[in-house]
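Written below as C-alpha cells is the structure these notes are about.
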Amino acid sequence: MNRLVEYDMSTIVLATQNPGKVAELRSLLQDSSIEILGLSDLSDSFPEPDETGQTFLENATIKAQEYAKLTGKHCLADDSGLMIDAIGGRPGVISSHYAFNGETDGRAAALSRQQRDEHNIDRVLAELDGVELEDRSARFVCVMVLADPSGEVIATSEGTFEGRIGFPIDEPNAIPSETVPRGDHGFGYDPIFLVHPDYLQTSAELEPAEKNAISHRGAAVRAMIEHIKGLALDS
Ligand code: ITT
C-alpha cells in the first residue's frame with residue numbers, strides 16, 4: 001500500500017508564486033507518490049499573502065496556512081533567502097525585495113520578477129564594494145512548512161547552501177572565476193553566488209539537477225519527505 005496516500009495526502013499544492021521555486025520543487029518531488037500541483041493549476045490568480053513575519057519560519061507558516069485555506073488542500077510553502085555575513089545576515093527575509101527595503105508595493109510592484117532580481121543583485125554588489133573575497137561568505141536558507149487543508153501546520157523542515165558572493169564583473173584585479181553575474185539557470189541571486197567549496201561556479205551555472213542535489217531547497221525538501229513518511233506511518 002502507498003503509505004503517503006494512506007495518510008490522505010495524495011495531493012500537495014506548492015504554495016509559491018515564484019516560477020523558479022515551482023520548477024525546482026516539482027523536480028525535487030517528482031519521484032514521490034504525491035500529485036504535485038502549482039497554484040496556477042488551480043486558479044489564474046491567487047492573492048499574495050502579506051509576509052509580515054520576522055523569520056523564515058513565520059513567513060513560510062503564513063504562506064502555507066493562507067494557501068491551504070484558499071485551496072482546501074495540503075500546501076507546502078517555502079520561505080527562503082540569502083544571508084551575507086559581511087552585512088549582518090542581510091538581505092535575509094526581505095531577499096525578494098531587498099532593493100526596495102522589503103517594500104512590495106510602489107516601485108517594486110511595477111517591475112517584473114527578473115527586473116527586481118537585477119535590482120537586488122545590484123544592491124548587494126554595491127554594499128559589498130571593497131570587501132575582500134574571503135569576507136564575502138554567504139548562505140541561502142530555506143524553511144519549509146506543510147499545512148493541512150484546515151491550515152494546521154503538520155511538518156516543518158529547513159536547509160542551507162553555503163557559498164560566497166563574487167566581485168562585480170568590472171572589478172579591478174578580480175580573476176575571472178571570481179567575477180559575477182554569471183550563468184543562465186536558477187533565479188534570484190544565483191548569478192552572483194559562488195558555490196562552496198571551490199567557489200568556481202555560480203549556482204546559476206549549475207544544471208538544475210546539480211543545484212537541487214546541494215541546495216538549501218533540496219535539503220529542505222528531502223527532510224520534508226522524511227517527515228511526511230513519518231506522518232504516514234503514525235496515522
Ligand atoms: P513566494 O513568496 O511566492 O514563494 P518569493 O520569491 O517572494 O516567492 P520568498 O519570499 O521566500 O519567495 O523570497 C525568496 C527570495 O530569496 C527569492 O525571491 C530570491 O531573491 C532569494 N532566493 C531564495 N532561494 C533562492 C535560490 O535558490 N536562488 C537564488 N535566489 C534565491
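A note on labels: chains of the C-alpha cells are A, B, ... as shown, every chain counts residues from 1, and ligands are counted from 1 in their shown order.
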Can I get the residues close to ligand 1 as a PyMOL selection string, where close means within 9 Å and we count only C-alpha atoms and all ligand atoms? chain A and resi 14-22+24+48-49+51+56+59-60+63+77-82+91-98+113+116-117+120-121+140-143+161+186-193+203-204+211-212+215-217
Keeping only C-alpha atoms, write the selected residues as a PDB file, in the first residue's frame.
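The file below, result_38.pdb, is the result:
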ATOM      1  CA  LEU A  14       3.168  24.224  -3.979  1.00  0.00           C
ATOM      2  CA  ALA A  15       2.263  27.424  -2.170  1.00  0.00           C
ATOM      3  CA  THR A  16       4.504  29.832  -4.053  1.00  0.00           C
ATOM      4  CA  GLN A  17       4.086  32.411  -6.788  1.00  0.00           C
ATOM      5  CA  ASN A  18       7.756  32.181  -7.761  1.00  0.00           C
ATOM      6  CA  PRO A  19       8.119  30.155 -11.003  1.00  0.00           C
ATOM      7  CA  GLY A  20      11.788  29.414 -10.235  1.00  0.00           C
ATOM      8  CA  LYS A  21      10.810  27.745  -6.970  1.00  0.00           C
ATOM      9  CA  VAL A  22       7.950  25.857  -8.634  1.00  0.00           C
ATOM     10  CA  GLU A  24      12.831  23.269  -8.514  1.00  0.00           C
ATOM     11  CA  GLU A  48      -0.307  37.048  -2.400  1.00  0.00           C
ATOM     12  CA  PRO A  49      -0.264  36.812   1.401  1.00  0.00           C
ATOM     13  CA  GLU A  51       4.777  38.261   4.527  1.00  0.00           C
ATOM     14  CA  PHE A  56      11.708  32.498   7.510  1.00  0.00           C
ATOM     15  CA  ASN A  59       6.664  33.714   6.718  1.00  0.00           C
ATOM     16  CA  ALA A  60       6.597  30.115   5.482  1.00  0.00           C
ATOM     17  CA  LYS A  63       2.048  31.228   3.217  1.00  0.00           C
ATOM     18  CA  ALA A  77       5.349  26.727   1.391  1.00  0.00           C
ATOM     19  CA  ASP A  78       8.992  27.722   1.175  1.00  0.00           C
ATOM     20  CA  ASP A  79      10.349  30.915   2.657  1.00  0.00           C
ATOM     21  CA  SER A  80      13.921  31.395   1.681  1.00  0.00           C
ATOM     22  CA  GLY A  81      16.605  33.993   1.260  1.00  0.00           C
ATOM     23  CA  LEU A  82      20.244  34.922   1.089  1.00  0.00           C
ATOM     24  CA  PRO A  91      19.092  40.553   2.845  1.00  0.00           C
ATOM     25  CA  GLY A  92      17.512  37.682   4.858  1.00  0.00           C
ATOM     26  CA  VAL A  93      13.736  37.635   4.971  1.00  0.00           C
ATOM     27  CA  ILE A  94      13.459  40.604   2.615  1.00  0.00           C
ATOM     28  CA  SER A  95      15.610  38.944  -0.088  1.00  0.00           C
ATOM     29  CA  SER A  96      12.914  39.076  -2.773  1.00  0.00           C
ATOM     30  CA  HIS A  97      12.532  42.870  -2.419  1.00  0.00           C
ATOM     31  CA  TYR A  98      15.911  43.888  -0.970  1.00  0.00           C
ATOM     32  CA  ARG A 113      10.395  39.447 -11.117  1.00  0.00           C
ATOM     33  CA  ARG A 116      13.518  43.038  -9.272  1.00  0.00           C
ATOM     34  CA  ASP A 117      16.181  40.321  -9.160  1.00  0.00           C
ATOM     35  CA  ASN A 120      18.536  43.209  -5.760  1.00  0.00           C
ATOM     36  CA  ILE A 121      21.808  41.932  -7.218  1.00  0.00           C
ATOM     37  CA  PHE A 140      20.965  30.512   1.143  1.00  0.00           C
ATOM     38  CA  VAL A 141      18.458  29.379   3.755  1.00  0.00           C
ATOM     39  CA  CYS A 142      15.155  27.646   3.078  1.00  0.00           C
ATOM     40  CA  VAL A 143      12.463  26.908   5.635  1.00  0.00           C
ATOM     41  CA  PHE A 161      23.519  26.166   0.953  1.00  0.00           C
ATOM     42  CA  GLY A 186      18.074  29.298 -11.478  1.00  0.00           C
ATOM     43  CA  PHE A 187      16.666  32.625 -10.372  1.00  0.00           C
ATOM     44  CA  GLY A 188      17.143  35.401  -7.822  1.00  0.00           C
ATOM     45  CA  TYR A 189      20.715  35.735  -6.566  1.00  0.00           C
ATOM     46  CA  ASP A 190      22.014  32.572  -8.283  1.00  0.00           C
ATOM     47  CA  PRO A 191      24.164  34.517 -10.800  1.00  0.00           C
ATOM     48  CA  ILE A 192      26.273  36.082  -8.002  1.00  0.00           C
ATOM     49  CA  PHE A 193      26.520  33.101  -5.602  1.00  0.00           C
ATOM     50  CA  SER A 203      24.662  28.432  -8.662  1.00  0.00           C
ATOM     51  CA  ALA A 204      23.247  29.835 -11.924  1.00  0.00           C
ATOM     52  CA  LYS A 211      21.785  22.660  -7.845  1.00  0.00           C
ATOM     53  CA  ASN A 212      18.933  20.581  -6.395  1.00  0.00           C
ATOM     54  CA  SER A 215      20.884  23.447  -2.440  1.00  0.00           C
ATOM     55  CA  HIS A 216      19.015  24.721   0.602  1.00  0.00           C
ATOM     56  CA  ARG A 217      15.714  23.907  -1.135  1.00  0.00           C
TER      57      ARG A 217
END
Taking 2 positions as the minimum chain separation for residues in the same chain, which residues sit within 7 Å of Asp85 (chain A) when counting only C-alpha atoms? Answer as a PyMOL selection string. chain A and resi 83+87-89+136-138
Expected answer as a VMD selection string: helix (DSSP H, G or I) residues in region 101-151 of chain A: chain A and resid 106 to 110 113 to 127 133 to 135
Could you give me, as a list of chain:residue names, each residue of region 34-101 of chain A that DSSP assigns to strand (DSSP E or B) when run on this structure's backbone?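 Output for region 34-101 of chain A, strand (DSSP E or B) only: A:Glu35, A:Ile36, A:Leu37, A:Gly38, A:His74, A:Cys75, A:Leu76, A:Ala77, A:Asp78, A:Asp79, A:Ser80, A:Gly81, A:Leu82, A:Met83, A:Ile84, A:Pro91.
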The selected residues should be written to file as a PDB file, in the first residue's frame (atoms: C-alpha atoms).
ATOM      1  CA  GLU A  35       0.436  14.529  -7.060  1.00  0.00           C
ATOM      2  CA  ILE A  36       2.096  17.943  -7.094  1.00  0.00           C
ATOM      3  CA  LEU A  37       0.056  20.962  -8.144  1.00  0.00           C
ATOM      4  CA  GLY A  38       1.171  24.543  -8.638  1.00  0.00           C
ATOM      5  CA  HIS A  74      -2.327  20.328   1.772  1.00  0.00           C
ATOM      6  CA  CYS A  75       0.026  23.208   0.985  1.00  0.00           C
ATOM      7  CA  LEU A  76       3.826  23.251   1.037  1.00  0.00           C
ATOM      8  CA  ALA A  77       5.349  26.727   1.391  1.00  0.00           C
ATOM      9  CA  ASP A  78       8.992  27.722   1.175  1.00  0.00           C
ATOM     10  CA  ASP A  79      10.349  30.915   2.657  1.00  0.00           C
ATOM     11  CA  SER A  80      13.921  31.395   1.681  1.00  0.00           C
ATOM     12  CA  GLY A  81      16.605  33.993   1.260  1.00  0.00           C
ATOM     13  CA  LEU A  82      20.244  34.922   1.089  1.00  0.00           C
ATOM     14  CA  MET A  83      22.234  35.730   4.237  1.00  0.00           C
ATOM     15  CA  ILE A  84      25.553  37.531   3.750  1.00  0.00           C
ATOM     16  CA  PRO A  91      19.092  40.553   2.845  1.00  0.00           C
TER      17      PRO A  91
END
Between A:Ile214, A:Leu206, A:Ala219, A:Ala99, single out the one closest to Leu111 (chain A), counting only C-alpha atoms. A:Ala99
Grab the CA of Leu146 (chain A) to CA of Gln65 (chain A) distance for me, in Å with one decimal place.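 If I compute the distance from CA of Leu146 (chain A) to CA of Gln65 (chain A), I get 8.4 Å.
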Selected residue, from A:Glu171, A:Ala64, A:Ile228, A:Asp50, that lies nearest to Ser10 (chain A) when counting only C-alpha atoms: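 Going through A:Glu171, A:Ala64, A:Ile228, A:Asp50 one by one, the smallest distance to Ser10 (chain A) is for A:Ile228.
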Which of these residues is nearest to Gly159 (chain A), using only C-alpha atoms: A:Gly183, A:Val221, A:Thr55, A:Glu66?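 Distance minimum relative to Gly159 (chain A) lands on A:Val221.
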Pick out the residues sitting within 10 Å of Lys73 (chain A), and hand them over as a ChimeraX atom specification; count only C-alpha atoms, and ignore anything fewer than 4 positions along from it in its own chain. /A:9-13,67-69,147-151
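Minimum atom-to-atom distances from A:Arg139, A:Gly102, A:Asn173, A:Pro208 to Gln54 (chain A) were compared using only C-alpha atoms, and the lowest value belongs to A:Gly102.
Here CA of Pro176 (chain A) is placed at a distance of 18.5 Å from CA of Asp122 (chain A).
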